[in-house]
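Pasting upload.txt here (compact mmCIF, C-alpha atoms and all ligand atoms):
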# COMPACT_ATOMS: atom_id res chain seq x y z
CA MET A 1 25.09 39.22 -19.96
CA VAL A 2 27.96 38.16 -22.18
CA GLN A 3 26.86 36.68 -25.51
CA ALA A 4 28.22 33.25 -26.44
CA TRP A 5 27.34 30.64 -29.06
CA TYR A 6 28.47 27.42 -30.69
CA MET A 7 30.61 28.00 -33.76
CA ASP A 8 30.13 26.74 -37.27
CA GLY A 9 33.00 24.83 -38.87
CA SER A 10 33.64 27.21 -41.74
CA ALA A 11 37.20 28.29 -42.51
CA GLU A 12 36.05 31.79 -43.42
CA ASP A 13 37.64 34.90 -41.86
CA GLN A 14 38.21 34.25 -38.13
CA ARG A 15 36.95 37.77 -37.35
CA LYS A 16 33.42 36.91 -38.47
CA PRO A 17 30.91 35.69 -35.84
CA HIS A 18 30.78 32.07 -37.10
CA ARG A 19 27.42 31.42 -35.49
CA LEU A 20 26.13 27.90 -35.94
CA GLU A 21 22.87 27.71 -37.93
CA PRO A 22 20.39 27.36 -36.42
CA ASP A 23 21.78 29.48 -33.61
CA ARG A 24 22.89 27.64 -30.45
CA PRO A 25 23.42 30.22 -27.74
CA VAL A 26 25.48 29.38 -24.66
CA THR A 27 24.47 30.74 -21.25
CA GLU A 28 26.70 32.05 -18.48
CA GLN A 29 25.63 28.98 -16.48
CA GLN A 30 26.96 26.67 -19.22
CA LEU A 31 30.19 28.67 -19.30
CA SER A 32 30.59 28.41 -15.54
CA GLU A 33 30.32 24.61 -15.79
CA LEU A 34 33.46 24.82 -17.93
CA GLY A 35 35.10 26.96 -15.24
CA VAL A 36 34.72 30.10 -17.36
CA HIS A 37 33.32 33.11 -15.51
CA ALA A 38 32.06 36.35 -17.02
CA PHE A 39 31.25 39.62 -15.28
CA LYS A 40 30.11 43.07 -16.33
CA LEU A 41 31.81 46.18 -14.93
CA ASP A 42 31.77 49.89 -15.65
CA ALA A 43 34.72 50.27 -18.01
CA ASP A 44 34.53 54.09 -18.01
CA SER A 45 35.49 54.17 -14.34
CA TYR A 46 38.09 51.41 -14.28
CA GLU A 47 40.71 53.69 -12.72
CA THR A 48 38.60 54.33 -9.62
CA ASP A 49 35.99 51.55 -9.68
CA PRO A 50 35.55 50.03 -6.20
CA GLU A 51 34.00 46.88 -7.74
CA LEU A 52 37.14 46.21 -9.75
CA ALA A 53 39.29 46.94 -6.69
CA LYS A 54 37.23 44.39 -4.73
CA ILE A 55 37.60 41.69 -7.40
CA ARG A 56 41.34 42.29 -7.54
CA LYS A 57 41.69 42.14 -3.78
CA GLU A 58 39.52 39.06 -3.25
CA ASN A 59 41.26 37.09 -6.00
CA ASN A 60 44.80 38.37 -5.41
CA TYR A 61 44.99 39.87 -8.91
CA SER A 62 47.91 42.00 -7.79
CA TRP A 63 49.40 42.48 -11.24
CA MET A 64 47.83 44.25 -14.21
CA ASP A 65 48.66 45.95 -17.48
CA ILE A 66 46.70 47.24 -20.45
CA ILE A 67 47.14 45.84 -23.93
CA THR A 68 45.89 47.63 -27.03
CA ILE A 69 45.51 45.42 -30.05
CA HIS A 70 45.37 47.46 -33.21
CA LYS A 71 47.60 47.37 -36.27
CA ASP A 72 49.08 50.81 -35.51
CA THR A 73 49.82 50.25 -31.82
CA LEU A 74 50.83 46.64 -31.27
CA PRO A 75 54.38 45.68 -32.30
CA ASN A 76 54.40 42.51 -34.45
CA TYR A 77 50.63 42.81 -34.80
CA GLU A 78 50.08 40.11 -37.44
CA GLN A 79 52.39 37.64 -35.73
CA LYS A 80 50.77 38.18 -32.33
CA LEU A 81 47.28 37.72 -33.75
CA LYS A 82 48.40 34.40 -35.18
CA ILE A 83 49.77 33.30 -31.81
CA PHE A 84 46.59 34.37 -30.00
CA TYR A 85 44.47 32.30 -32.42
CA GLU A 86 46.48 29.08 -32.07
CA GLU A 87 44.61 26.69 -29.81
CA HIS A 88 46.54 26.68 -26.52
CA LEU A 89 46.38 26.51 -22.74
CA HIS A 90 48.20 28.20 -19.87
CA LEU A 91 49.35 26.92 -16.50
CA ASP A 92 47.51 29.84 -14.83
CA ASP A 93 44.13 31.50 -15.21
CA GLU A 94 43.74 33.99 -18.06
CA ILE A 95 41.89 37.09 -16.85
CA ARG A 96 40.86 39.84 -19.23
CA TYR A 97 38.74 42.97 -18.88
CA VAL A 98 37.66 44.89 -21.99
CA LEU A 99 38.04 48.66 -21.63
CA GLU A 100 37.35 49.58 -25.26
CA GLY A 101 36.62 47.77 -28.50
CA SER A 102 35.75 44.09 -28.73
CA GLY A 103 36.92 40.60 -29.64
CA TYR A 104 36.20 36.89 -29.31
CA PHE A 105 37.51 34.30 -26.87
CA ASP A 106 36.85 30.77 -28.10
CA VAL A 107 36.83 27.89 -25.60
CA ARG A 108 36.37 24.15 -26.00
CA ASP A 109 33.38 22.56 -24.32
CA LYS A 110 33.45 19.06 -22.76
CA GLU A 111 32.88 17.47 -26.18
CA GLU A 112 35.64 19.58 -27.76
CA ARG A 113 33.23 21.82 -29.64
CA TRP A 114 34.17 25.48 -29.99
CA ILE A 115 32.15 28.06 -28.08
CA ARG A 116 32.66 31.68 -29.14
CA ILE A 117 32.39 34.32 -26.40
CA SER A 118 31.78 37.87 -27.60
CA MET A 119 33.67 40.30 -25.37
CA LYS A 120 32.68 43.96 -25.43
CA LYS A 121 33.43 47.04 -23.39
CA GLY A 122 32.83 46.30 -19.69
CA ASP A 123 33.09 42.51 -20.01
CA MET A 124 35.52 40.67 -17.75
CA ILE A 125 36.32 37.00 -18.24
CA THR A 126 38.33 34.40 -16.39
CA LEU A 127 39.51 31.27 -18.22
CA PRO A 128 40.75 28.51 -15.95
CA ALA A 129 44.30 27.14 -16.16
CA GLY A 130 44.34 24.11 -18.46
CA ILE A 131 41.37 24.99 -20.71
CA TYR A 132 42.06 24.97 -24.45
CA HIS A 133 41.18 28.36 -25.93
CA ARG A 134 42.15 31.06 -28.43
CA PHE A 135 41.52 34.75 -29.07
CA THR A 136 40.72 36.83 -32.14
CA LEU A 137 39.76 40.37 -32.90
CA ASP A 138 36.33 40.76 -34.47
CA GLU A 139 35.50 42.87 -37.50
CA ASN A 140 36.11 46.10 -35.56
CA ASN A 141 39.82 45.22 -35.48
CA TYR A 142 40.40 46.90 -32.14
CA ILE A 143 40.45 46.00 -28.48
CA LYS A 144 41.91 47.62 -25.39
CA ALA A 145 41.95 45.20 -22.49
CA MET A 146 43.28 44.94 -18.97
CA ARG A 147 45.28 41.78 -18.28
CA LEU A 148 45.22 40.68 -14.66
CA PHE A 149 47.39 38.12 -12.92
CA VAL A 150 48.04 36.58 -9.52
CA GLY A 151 51.64 37.63 -8.84
CA GLU A 152 54.33 37.87 -11.53
CA PRO A 153 52.74 37.17 -14.92
CA VAL A 154 53.65 34.17 -17.07
CA TRP A 155 51.99 34.41 -20.48
CA THR A 156 53.48 31.27 -22.04
CA PRO A 157 50.94 29.59 -24.34
CA TYR A 158 51.26 25.81 -24.69
CA ASN A 159 49.82 24.93 -28.05
CA ARG A 160 47.67 21.85 -28.33
CA PRO A 161 48.56 19.06 -27.67
CA ALA A 162 49.56 20.09 -24.15
CA ASP A 163 47.97 17.26 -22.19
CA LYS A 164 51.01 16.36 -20.12
CA TYR A 165 50.79 19.44 -17.92
CA ASP A 166 49.46 19.31 -14.41
CA ALA A 167 47.15 22.24 -15.13
CA ARG A 168 45.50 20.16 -17.87
CA THR A 169 45.09 17.08 -15.64
CA LYS A 170 43.59 19.24 -12.90
CA TYR A 171 41.22 20.94 -15.34
CA LEU A 172 40.02 17.55 -16.67
CA GLN A 173 39.42 16.43 -13.07
CA PHE A 174 37.39 19.59 -12.49
CA LEU A 175 35.22 18.78 -15.55
CA GLU A 176 34.76 15.17 -14.37
CA GLN A 177 33.57 16.25 -10.99
CA LYS A 178 31.09 18.65 -12.63
CA ALA A 179 29.66 15.89 -14.85
C1 LIG B 1 45.77 36.32 -25.00
O1 LIG B 1 46.50 35.86 -24.12
O2 LIG B 1 45.19 35.60 -25.83
C2 LIG B 1 45.58 37.72 -25.07
O3 LIG B 1 46.16 38.42 -24.31
C3 LIG B 1 44.67 38.19 -26.10
C4 LIG B 1 44.43 39.60 -26.02
S1 LIG B 1 43.61 40.17 -24.59
C5 LIG B 1 42.09 40.73 -25.18
NI NI B 2 45.60 32.31 -23.80

I'd like the structure from this file rewritten - as structure tokens, please.
Amino acid sequence: MVQAWYMDGSAEDQRKPHRLEPDRPVTEQQLSELGVHAFKLDADSYETDPELAKIRKENNYSWMDIITIHKDTLPNYEQKLKIFYEEHLHLDDEIRYVLEGSGYFDVRDKEERWIRISMKKGDMITLPAGIYHRFTLDENNYIKAMRLFVGEPVWTPYNRPADKYDARTKYLQFLEQKA
């Protein structure tokens, strides 16, 4: 099961865990109420894994690439990390599958509190269109992840505030109907 927890408010290094004290863990059930879904797959066999093939087929994740985030491999590393950590949303789902290394996806809950999701090798996550979120490396400073998309990818992040978009309105309606 993916590990997730409420964050503290400290401005310390974003790569640190920032666990609230006392600890407030977040379950996969709580994440799914926010429209966030986490799965575990066998990352060593991603090239031939029938489970991954099934997920891609059932969800029309026709497009994929692999991104390696490390200071020696990613062009404009520092700048990209800054962009990833700006609170933003997308007009489409964000789907990531960790093949190596690790990192954190932070998502806002219904009361706008930050939840930190620890993503390690084998973890797949789907963030719904319209959810405010951000990404950071952790203290290992390395992640290799598959990015999946339905059709031709559009990566545009809309930094908060981005409330005028249809994807945001729809996401808020989804939360309402869950409440
Ligand atoms: C994103 O959109 O925030 C990213 O692609 C982050 C890196 S994927 C682990
Ligand atoms: Ni994003």

* Residue nearest Gly151 (chain A) - candidates A:Leu74, A:Leu137, A:Met64, A:Ala167, atoms counted: all atoms listed in the file -> A:Met64

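Pairwise distance (CA of Met124 (chain A), CA of Ala11 (chain A)) equals 27.7 Å.
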
* To do: Using all atoms listed in the file, determine which residues fall within 8 Å of ligand NI 2 (chain B), then list them as a PyMOL selection string.
  => chain A and resi 84+88-90+94+133-135+155+157

Give me, as JSON lines, each residue of chain A that comes within 10 Å of ligand LIG 1 (chain B), together with its shortest interatomic pair and the distance in Å at one decimal, counting all atoms listed in the file, with rows ordered by chain and rising residue number.
{"residue": "A:Ile66", "atom": "CA", "partner": "B:LIG1", "partner_atom": "S1", "distance": 8.8}
{"residue": "A:Ile67", "atom": "CA", "partner": "B:LIG1", "partner_atom": "S1", "distance": 6.7}
{"residue": "A:Thr68", "atom": "CA", "partner": "B:LIG1", "partner_atom": "C5", "distance": 8.1}
{"residue": "A:Ile69", "atom": "CA", "partner": "B:LIG1", "partner_atom": "C4", "distance": 7.2}
{"residue": "A:Lys80", "atom": "CA", "partner": "B:LIG1", "partner_atom": "C3", "distance": 8.7}
{"residue": "A:Leu81", "atom": "CA", "partner": "B:LIG1", "partner_atom": "C3", "distance": 8.1}
{"residue": "A:Lys82", "atom": "CA", "partner": "B:LIG1", "partner_atom": "O2", "distance": 10.0}
{"residue": "A:Ile83", "atom": "CA", "partner": "B:LIG1", "partner_atom": "O2", "distance": 7.9}
{"residue": "A:Phe84", "atom": "CA", "partner": "B:LIG1", "partner_atom": "O2", "distance": 4.6}
{"residue": "A:Tyr85", "atom": "CA", "partner": "B:LIG1", "partner_atom": "O2", "distance": 7.4}
{"residue": "A:Glu86", "atom": "CA", "partner": "B:LIG1", "partner_atom": "O2", "distance": 9.1}
{"residue": "A:Glu87", "atom": "CA", "partner": "B:LIG1", "partner_atom": "O2", "distance": 9.8}
{"residue": "A:His88", "atom": "CA", "partner": "B:LIG1", "partner_atom": "O2", "distance": 9.0}
{"residue": "A:Leu89", "atom": "CA", "partner": "B:LIG1", "partner_atom": "O1", "distance": 9.5}
{"residue": "A:His90", "atom": "CA", "partner": "B:LIG1", "partner_atom": "O1", "distance": 8.9}
{"residue": "A:Glu94", "atom": "CA", "partner": "B:LIG1", "partner_atom": "O1", "distance": 6.9}
{"residue": "A:Ile95", "atom": "CA", "partner": "B:LIG1", "partner_atom": "S1", "distance": 8.5}
{"residue": "A:Arg96", "atom": "CA", "partner": "B:LIG1", "partner_atom": "S1", "distance": 6.0}
{"residue": "A:Tyr97", "atom": "CA", "partner": "B:LIG1", "partner_atom": "C5", "distance": 7.5}
{"residue": "A:Val98", "atom": "CA", "partner": "B:LIG1", "partner_atom": "C5", "distance": 6.9}
{"residue": "A:Leu99", "atom": "CA", "partner": "B:LIG1", "partner_atom": "C5", "distance": 9.6}
{"residue": "A:Gly101", "atom": "CA", "partner": "B:LIG1", "partner_atom": "C5", "distance": 9.5}
{"residue": "A:Ser102", "atom": "CA", "partner": "B:LIG1", "partner_atom": "C5", "distance": 8.0}
{"residue": "A:Gly103", "atom": "CA", "partner": "B:LIG1", "partner_atom": "C5", "distance": 6.8}
{"residue": "A:Tyr104", "atom": "CA", "partner": "B:LIG1", "partner_atom": "C5", "distance": 8.2}
{"residue": "A:Phe105", "atom": "CA", "partner": "B:LIG1", "partner_atom": "O2", "distance": 7.9}
{"residue": "A:Asp106", "atom": "CA", "partner": "B:LIG1", "partner_atom": "O2", "distance": 9.9}
{"residue": "A:Met119", "atom": "CA", "partner": "B:LIG1", "partner_atom": "C5", "distance": 8.4}
{"residue": "A:Lys120", "atom": "CA", "partner": "B:LIG1", "partner_atom": "C5", "distance": 10.0}
{"residue": "A:Met124", "atom": "CA", "partner": "B:LIG1", "partner_atom": "C5", "distance": 9.9}
{"residue": "A:Ile125", "atom": "CA", "partner": "B:LIG1", "partner_atom": "C5", "distance": 9.8}
{"residue": "A:His133", "atom": "CA", "partner": "B:LIG1", "partner_atom": "O2", "distance": 8.3}
{"residue": "A:Arg134", "atom": "CA", "partner": "B:LIG1", "partner_atom": "O2", "distance": 6.1}
{"residue": "A:Phe135", "atom": "CA", "partner": "B:LIG1", "partner_atom": "O2", "distance": 5.0}
{"residue": "A:Thr136", "atom": "CA", "partner": "B:LIG1", "partner_atom": "C3", "distance": 7.3}
{"residue": "A:Leu137", "atom": "CA", "partner": "B:LIG1", "partner_atom": "C5", "distance": 8.1}
{"residue": "A:Tyr142", "atom": "CA", "partner": "B:LIG1", "partner_atom": "C5", "distance": 9.5}
{"residue": "A:Ile143", "atom": "CA", "partner": "B:LIG1", "partner_atom": "C5", "distance": 6.4}
{"residue": "A:Lys144", "atom": "CA", "partner": "B:LIG1", "partner_atom": "C5", "distance": 6.9}
{"residue": "A:Ala145", "atom": "CA", "partner": "B:LIG1", "partner_atom": "C5", "distance": 5.2}
{"residue": "A:Met146", "atom": "CA", "partner": "B:LIG1", "partner_atom": "S1", "distance": 7.4}
{"residue": "A:Arg147", "atom": "CA", "partner": "B:LIG1", "partner_atom": "S1", "distance": 6.7}
{"residue": "A:Leu148", "atom": "CA", "partner": "B:LIG1", "partner_atom": "O3", "distance": 10.0}
{"residue": "A:Trp155", "atom": "CA", "partner": "B:LIG1", "partner_atom": "O1", "distance": 6.7}
{"residue": "A:Thr156", "atom": "CA", "partner": "B:LIG1", "partner_atom": "O1", "distance": 8.6}
{"residue": "A:Pro157", "atom": "CA", "partner": "B:LIG1", "partner_atom": "O1", "distance": 7.7}

* Selection near region 20-29 of chain A, 7 Å with all atoms listed in the file, sequence-local residues under 3 positions removed, as an MDAnalysis selection string -> chainID A and resid 4:8 32:33

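Candidate residues A:Asp72, A:Asp93, A:Glu12, A:Asp138 were compared for distance to Asn59 (chain A), and the nearest is A:Asp93, using all atoms listed in the file.
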